[in-house]
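For reference, the structure discussed in these notes is given below.
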Amino acid sequence: MKYKELSVKEFLDEVKEGNIDLEDFISEVIEEIKRINESFNYFVYISEEQAIAQAENIKKRIKKGENGGRLLGLPISVKDCICCEGIPSRAGSKILEGYIPPFDSTAVRKIKEEGGIIIGKTSQDEFGFGSFCTNVGIGFKIPKNPFDPERSTGGSSGGAAGITASLNYPHIALAESTGGSISCPASFCGCVGLTPTYGRVSRYGLIDFANSLDKIGPIGKRVYDCALLLSVIAGEDNMDQTTIKQGEEDYTKYLKEEKDEVKIGIPKEYFGEGVDERISKLILNVVGSVEGMEYEECSLPYTKYGVPTYYLIALSEASTNLAKFCGMRYGLHLPLKGDFNEYFSNVRSEGLGDEAKRRIILGTFARMKGYRDRYYIKAMKIRTMIINDFKKAFKKYDVLITPTMPILPPKFDELSKLELIQMYMLDLCTNPPNVAGIPHISIPCGKIEGLPIGMQIMADHMEERKVLVVARKFEKELNLSG
Amino acid sequence: MKNKAEEFVIGLEIHLALNTKSKLFCGCSTNISGVEPNSLCCPTCLGLPGSKPRVNKRAIDFGIMVAKALNCEINPRMFFSRKSYFYPDMPKNFQISQYELPLAKGGYLKISEKKIGIRRIQIEEDPGRLIHVGGDITSAEYVLVDYNRSGIPLLEIVTEPDFTSTGEVKEFLSKLSMILQYLGAYDPKKEASMRIDANISMGGGRVEVKNITGFKAVESALSYEIIRQRNIMRRGGKVVRETRHFDPVSNTTRSLRAKEMEEDYGFILDTDLAEVAIDEKWIKDLENKIPELPDERVRRFVEEYKISERNAKVIVYTDKAFADFFEKCCEIYDKPTQVANWMVTDLLKSLNYNKISIDESEVEPEGFVEILKMIDEGKISGRIGKELVKRYVASGKNPREIVEEEDLTVLRGREELEEVVKKVLKENKNAVEDYRKGNKKAIEFLIGKALAKTGGRADPKLLREILLEFLK
């Protein structure tokens, strides 16, 4: 049996038929990701032993005739910030060196229950602090774009998108987005990245960046892959009180739906200043080229507040989340010296990278007495306005379509020349839907200079179905990936 | 003389461990006393990366009941906040507490004839426990941390600075503790279940005293602090704004850190926990569950049992079990005044002497009432009755059995008593002389002497009769 080039769907069918030797298959996949990793740095840890043990287990189950499980035998990579029992989970940071969670995150537990095989932890910006996967933790390597190793994979789920694009074996990545960390790397690496509604998927077991913004979601080669993984990981969870009450849902079944008339809004703020004109043009062309899509320009006036609102809330929350990393109970330890304050400071000085330190300081500032009303509290209020902006638009349109990223995947040396604020501004299309917590997907919609361009499709809260239906329609029409 | 400038006000922040079965944000047990350190912990109360809190509804229930009992206004939307500061006993280096949207605000509790204002009531998690080895907080060689306590639900009650004496503080705390016990929200026997920070403002300076555990320590801490501040003022000094630490061994306070500015805890909402909407129905359901509270019980005791208000207060405010004991006695013995008198004098004295509470002792209503009944029957004297109470509390042995075994019944044999009286008259010639000279009170002295000779067993009435006869 040739495993390469099988789609996820084909692979799962073959496993059910008993046509695949899972141990053999997983060994081959592990060899391949090791090979890729040598030059592209997509994994921070490859869980070879556990993967093979899991494969053996499933093989036995199949022999006994137990071939249930929606992900039976499918390799799944997990972003480093999502806890897997017994596997180092460091959120890409040196400060969590040696932390091996004694529990599975809910998403990973569900994946395992459906027979998915965890192959390793993927690289990311330290704690998710970046959009280009260049802010990796001390001692970690920067992943490289599969289309051009001089360029960024995007971030922060850079490893997840990179391996999804590079691996010619069936696989889906479990990623996470706080302000665009699924969409952005999916766009730069030419993959599909689905960010679910906030509260759709349990965050239990996710090493927090910003609790009111973090969302776990899939990155896959095709819309189907994302819909499949979402079906497995979604659901109310009593271990995470922010999950939304919802029934079991098979998102893949929506992909067969033929929705005749789709009303699309094109928010002009996402096509103006700061956006590469070639990208704007490409997106508009694509939207206009597909039949049955009715579209018109609209306006989301609060868009310009998306980036500052996002950063203020995210960094305020992050600065409290990172306080626990002090070398006392787990993670990096140093020789004891001085009082506890000095020791904590030493550990944090050595264990955290520059961007993490910067974000802790900014976030602490935004919630200090005398400033918190002006920054943190104000951002929380504007967040409501951004949500209302979207709510109004979704009364009229099924979905909104924008570019995912305003630039082509940047070269590393270009990035190093950017001011901090210019870097943050590159999140202008991805921050607003993340701040609002609405579902959105990035799908590849063409290439410029041989580099993939992502198109972002957003819908109202809990309307993943609409996002998927429209995404599938484009995927099929454009014949981008089968 | 009390100088005007030396007047002070006191405000309290009281932390009470809520009597829930499991911790505030996880399923770990709250029964931590005597348990091996760090054995009642899970990823959540250890703050492991990836873990999440989930709120224990029972803690909110208790909070609502307490807020109602303290006449507070309950916030219809409650939210938890993160209070950030670095300290080794805090697993996350932030405490999940409340800030903008606490459970309740603006109530009061009446003590004597004064209302003490309640500023706010909030729910928060307890940090772990630090064990200073080889010294105290400033001199320890090293410190161990036990996270069993981490995540125990605390109710923080913040008062207005309405206290003007330590007596008021004491009365307030014992009343508060009593109310919480009646609500079942608090068990004073649990380890470190009441911790207090006190703010004392004198002459414009504000000093916060931390680490006061239990309301008996409050008196020592406040008394020391008031004298210390007064002495500074008398020497012409100024009381500096600072945080001080109470040392329960030496009963003194010492400076921890100068408090130039308000501490900045950088509060933000804890968005891992959803907003808790507390609607009218929730409150109503709990209000229906609020039992009779101590003040109402005192009133009822006076009305229903016709006992004095003073006795009713002592019985109710000793502790809940003591008041329950009173009612059980009254069920099986129809003389409430008698029961009350004996309870507030002899029984309470013996319990205090043995340093136990009624429910810790083996004293049962049946046995206690038995003593009163034996006195009624004339079987034993009052004096023997008092003796029996003491022995019952100390040994738990049934009083009637003691009486039977040791033959403590009243002596009624006339001949036997006549012998005793003869001896007493012989030994106390002066008193006899006095009596004959017209000092009729001398007979009481002689009765006393005769009683003592019989070990209190003689029937005093009979003794008097015989004496009068002999003295004629």
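Ordered as shown in the structure tokens, chains take letters A, B, and onward, while each chain numbers its residues from 1 and ligands are numbered from 1 in the order shown.
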* Mind listing as a VMD selection string which residues of chain A are within 7 Å of chain B, counting only C-alpha atoms? -> chain A and resid 83 204 to 208 211 to 212 239 to 242 320 323 to 324 364 367 to 369
* strand (DSSP E) residues, from DSSP on the backbone, in region 224-370 of chain A, as number ranges by chain -> A: 262-267, 293-298
Saved selection, atoms kept: all heavy atoms, as an mmCIF file, in the first residue's frame:
```cif
data_model
loop_
_atom_site.group_PDB
_atom_site.id
_atom_site.type_symbol
_atom_site.label_atom_id
_atom_site.label_comp_id
_atom_site.auth_asym_id
_atom_site.auth_seq_id
_atom_site.Cartn_x
_atom_site.Cartn_y
_atom_site.Cartn_z
ATOM 1 N N VAL A 262 -25.638 32.795 -1.729
ATOM 2 C CA VAL A 262 -24.896 33.210 -0.548
ATOM 3 C C VAL A 262 -24.706 34.709 -0.609
ATOM 4 O O VAL A 262 -24.275 35.255 -1.622
ATOM 5 C CB VAL A 262 -23.525 32.513 -0.475
ATOM 6 C CG1 VAL A 262 -22.797 32.920 0.788
ATOM 7 C CG2 VAL A 262 -23.699 31.000 -0.517
ATOM 8 N N LYS A 263 -25.081 35.359 0.464
ATOM 9 C CA LYS A 263 -24.913 36.812 0.507
ATOM 10 C C LYS A 263 -23.605 37.143 1.187
ATOM 11 O O LYS A 263 -23.396 36.807 2.359
ATOM 12 C CB LYS A 263 -26.058 37.448 1.297
ATOM 13 C CG LYS A 263 -27.316 37.668 0.492
ATOM 14 C CD LYS A 263 -28.273 38.469 1.337
ATOM 15 C CE LYS A 263 -29.462 38.962 0.556
ATOM 16 N NZ LYS A 263 -30.438 39.557 1.496
ATOM 17 N N ILE A 264 -22.745 37.794 0.414
ATOM 18 C CA ILE A 264 -21.404 38.072 0.936
ATOM 19 C C ILE A 264 -21.218 39.569 1.128
ATOM 20 O O ILE A 264 -21.556 40.368 0.254
ATOM 21 C CB ILE A 264 -20.336 37.554 -0.045
ATOM 22 C CG1 ILE A 264 -20.478 36.022 -0.196
ATOM 23 C CG2 ILE A 264 -18.937 37.911 0.421
ATOM 24 C CD1 ILE A 264 -19.634 35.455 -1.304
ATOM 25 N N GLY A 265 -20.683 39.930 2.256
ATOM 26 C CA GLY A 265 -20.301 41.318 2.502
ATOM 27 C C GLY A 265 -18.800 41.465 2.328
ATOM 28 O O GLY A 265 -18.034 40.591 2.737
ATOM 29 N N ILE A 266 -18.410 42.544 1.674
ATOM 30 C CA ILE A 266 -16.983 42.811 1.476
ATOM 31 C C ILE A 266 -16.658 44.076 2.271
ATOM 32 O O ILE A 266 -16.867 45.191 1.781
ATOM 33 C CB ILE A 266 -16.664 43.046 -0.028
ATOM 34 C CG1 ILE A 266 -17.127 41.838 -0.868
ATOM 35 C CG2 ILE A 266 -15.193 43.354 -0.237
ATOM 36 C CD1 ILE A 266 -16.274 40.603 -0.723
ATOM 37 N N PRO A 267 -16.190 43.955 3.508
ATOM 38 C CA PRO A 267 -15.948 45.162 4.319
ATOM 39 C C PRO A 267 -14.756 45.950 3.787
ATOM 40 O O PRO A 267 -13.639 45.420 3.715
ATOM 41 C CB PRO A 267 -15.681 44.605 5.717
ATOM 42 C CG PRO A 267 -15.336 43.172 5.550
ATOM 43 C CD PRO A 267 -15.916 42.708 4.256
ATOM 44 N N MET A 293 -22.821 33.600 -5.973
ATOM 45 C CA MET A 293 -22.328 34.395 -4.844
ATOM 46 C C MET A 293 -22.720 35.848 -5.091
ATOM 47 O O MET A 293 -22.258 36.472 -6.030
ATOM 48 C CB MET A 293 -20.803 34.299 -4.748
ATOM 49 C CG MET A 293 -20.309 32.889 -4.590
ATOM 50 S SD MET A 293 -20.306 32.400 -2.857
ATOM 51 C CE MET A 293 -19.449 30.853 -2.973
ATOM 52 N N GLU A 294 -23.549 36.315 -4.238
ATOM 53 C CA GLU A 294 -24.000 37.691 -4.376
ATOM 54 C C GLU A 294 -23.185 38.514 -3.396
ATOM 55 O O GLU A 294 -23.170 38.217 -2.212
ATOM 56 C CB GLU A 294 -25.477 37.722 -3.989
ATOM 57 C CG GLU A 294 -26.213 38.995 -4.338
ATOM 58 C CD GLU A 294 -27.593 38.974 -3.686
ATOM 59 O OE1 GLU A 294 -28.348 37.989 -3.920
ATOM 60 O OE2 GLU A 294 -27.884 39.906 -2.935
ATOM 61 N N TYR A 295 -22.459 39.485 -3.903
ATOM 62 C CA TYR A 295 -21.639 40.233 -2.941
ATOM 63 C C TYR A 295 -21.765 41.737 -3.116
ATOM 64 O O TYR A 295 -22.085 42.220 -4.194
ATOM 65 C CB TYR A 295 -20.178 39.801 -3.034
ATOM 66 C CG TYR A 295 -19.485 40.214 -4.309
ATOM 67 C CD1 TYR A 295 -18.702 41.371 -4.324
ATOM 68 C CD2 TYR A 295 -19.585 39.461 -5.469
ATOM 69 C CE1 TYR A 295 -18.048 41.763 -5.479
ATOM 70 C CE2 TYR A 295 -18.945 39.846 -6.629
ATOM 71 C CZ TYR A 295 -18.176 40.994 -6.637
ATOM 72 O OH TYR A 295 -17.546 41.388 -7.775
ATOM 73 N N GLU A 296 -21.553 42.445 -2.020
ATOM 74 C CA GLU A 296 -21.510 43.906 -2.103
ATOM 75 C C GLU A 296 -20.590 44.452 -1.037
ATOM 76 O O GLU A 296 -20.292 43.796 -0.044
ATOM 77 C CB GLU A 296 -22.921 44.490 -1.957
ATOM 78 C CG GLU A 296 -23.533 44.282 -0.593
ATOM 79 C CD GLU A 296 -24.945 44.873 -0.491
ATOM 80 O OE1 GLU A 296 -25.626 45.013 -1.522
ATOM 81 O OE2 GLU A 296 -25.342 45.191 0.644
ATOM 82 N N GLU A 297 -20.153 45.676 -1.271
ATOM 83 C CA GLU A 297 -19.250 46.305 -0.321
ATOM 84 C C GLU A 297 -20.031 46.704 0.919
ATOM 85 O O GLU A 297 -21.198 47.090 0.834
ATOM 86 C CB GLU A 297 -18.605 47.536 -0.953
ATOM 87 C CG GLU A 297 -17.466 48.073 -0.127
ATOM 88 C CD GLU A 297 -16.861 49.341 -0.752
ATOM 89 O OE1 GLU A 297 -16.033 49.202 -1.665
ATOM 90 O OE2 GLU A 297 -17.245 50.436 -0.311
ATOM 91 N N CYS A 298 -19.413 46.585 2.061
ATOM 92 C CA CYS A 298 -20.044 47.060 3.289
ATOM 93 C C CYS A 298 -18.973 47.713 4.143
ATOM 94 O O CYS A 298 -17.816 47.802 3.734
ATOM 95 C CB CYS A 298 -20.727 45.916 4.028
ATOM 96 S SG CYS A 298 -19.592 44.668 4.643
#
```
* **Contacts of Leu176 (chain B) at 12 Å (only C-alpha atoms; same-chain gap of 3+ positions) as a count of residues only** => 36
* Asked: Ile52 (chain A): which residues within 10 Å, counting only C-alpha atoms, same-chain residues fewer than 5 positions away excluded, as a VMD selection string?
  -> chain A and resid 22 to 27 30 47 57 to 58 117 to 119
* **Close residues, region 330-337 of chain A itself excluded, 8 Å, only C-alpha atoms, min 3 positions apart in chain, as a list in words** => Lys94, Ile95, Leu96, Glu97, Gly98, Tyr99, Phe325, Gly327, Glu342, Tyr343, Asn346, Val347 and Gly351 of chain A
* Asked: Any idea what's packed within 8 Å of Phe43 (chain A), counting only C-alpha atoms, ignoring anything in its chain fewer than 6 positions away? Could you give it as an MDAnalysis selection string?
  -> chainID A and resid 37 120:123 159
With N, CA, C and O atoms retained, could you export that selection as a short mmCIF file (atom, residue, chain, number, x, y, z; two decimals), in the first residue's frame?
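Result written to selection_1.cif:
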```cif
data_model
loop_
_atom_site.label_atom_id
_atom_site.label_comp_id
_atom_site.auth_asym_id
_atom_site.auth_seq_id
_atom_site.Cartn_x
_atom_site.Cartn_y
_atom_site.Cartn_z
N ASN A 37 11.80 17.97 9.34
CA ASN A 37 12.14 18.83 10.47
C ASN A 37 13.59 19.28 10.46
O ASN A 37 13.90 20.37 10.92
N GLY A 120 3.42 14.52 17.58
CA GLY A 120 4.40 15.43 18.17
C GLY A 120 3.84 16.82 18.39
O GLY A 120 2.67 17.09 18.12
N LYS A 121 4.72 17.68 18.96
CA LYS A 121 4.32 19.04 19.29
C LYS A 121 4.95 20.00 18.28
O LYS A 121 6.15 19.94 18.01
N THR A 122 4.11 20.89 17.74
CA THR A 122 4.59 21.77 16.68
C THR A 122 5.06 23.12 17.21
O THR A 122 4.60 23.61 18.24
N SER A 123 5.99 23.71 16.46
CA SER A 123 6.63 24.95 16.91
C SER A 123 5.69 26.14 16.77
O SER A 123 4.76 26.17 15.97
N GLY A 159 4.47 26.00 13.02
CA GLY A 159 4.83 24.61 12.83
C GLY A 159 3.66 23.80 12.32
O GLY A 159 3.80 22.94 11.43
#
```
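Distance-wise, CA of Val389 (chain B) and CA of Lys190 (chain B) end up 28.8 Å apart.
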* Quick one, how far is CA of Pro185 (chain A) from CA of Lys381 (chain A)? ->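 Atom-to-atom, CA of Pro185 (chain A) and CA of Lys381 (chain A) are spaced 29.2 Å apart.
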* Asked: Got a sec: who's within 7 Å of Gly107 (chain B), counting only C-alpha atoms, leaving out chain neighbours fewer than 3 positions off, as a list of chain:residue names?
  -> B:Leu70, B:Asn71, B:Cys72, B:Glu73, B:Gly117, B:Ile118, B:Arg119
Atoms kept (N, CA and C atoms) for selection, written as a CSV table (one decimal), in the first residue's frame:
```
chain,number,residue,atom,x,y,z
B,70,LEU,N,-26.5,39.5,56.5
B,70,LEU,CA,-25.9,40.7,56.9
B,70,LEU,C,-26.5,41.9,56.2
B,71,ASN,N,-27.7,41.7,55.7
B,71,ASN,CA,-28.5,42.8,55.1
B,71,ASN,C,-27.8,43.5,53.9
B,72,CYS,N,-27.1,42.7,53.1
B,72,CYS,CA,-26.4,43.3,52.0
B,72,CYS,C,-27.2,43.3,50.7
B,73,GLU,N,-26.7,44.1,49.7
B,73,GLU,CA,-27.3,44.1,48.4
B,73,GLU,C,-26.5,43.1,47.5
B,117,GLY,N,-21.2,48.8,59.7
B,117,GLY,CA,-21.4,48.7,58.3
B,117,GLY,C,-20.6,47.7,57.6
B,118,ILE,N,-21.2,47.0,56.7
B,118,ILE,CA,-20.4,46.0,55.8
B,118,ILE,C,-20.2,46.6,54.5
B,119,ARG,N,-19.0,46.8,54.1
B,119,ARG,CA,-18.7,47.5,52.8
B,119,ARG,C,-18.9,46.5,51.6
```
* DSSP on the backbone: what in region 7-219 of chain B comes out alpha helix (DSSP H), as number ranges by chain? -> B: 57-69, 166-183, 215-219
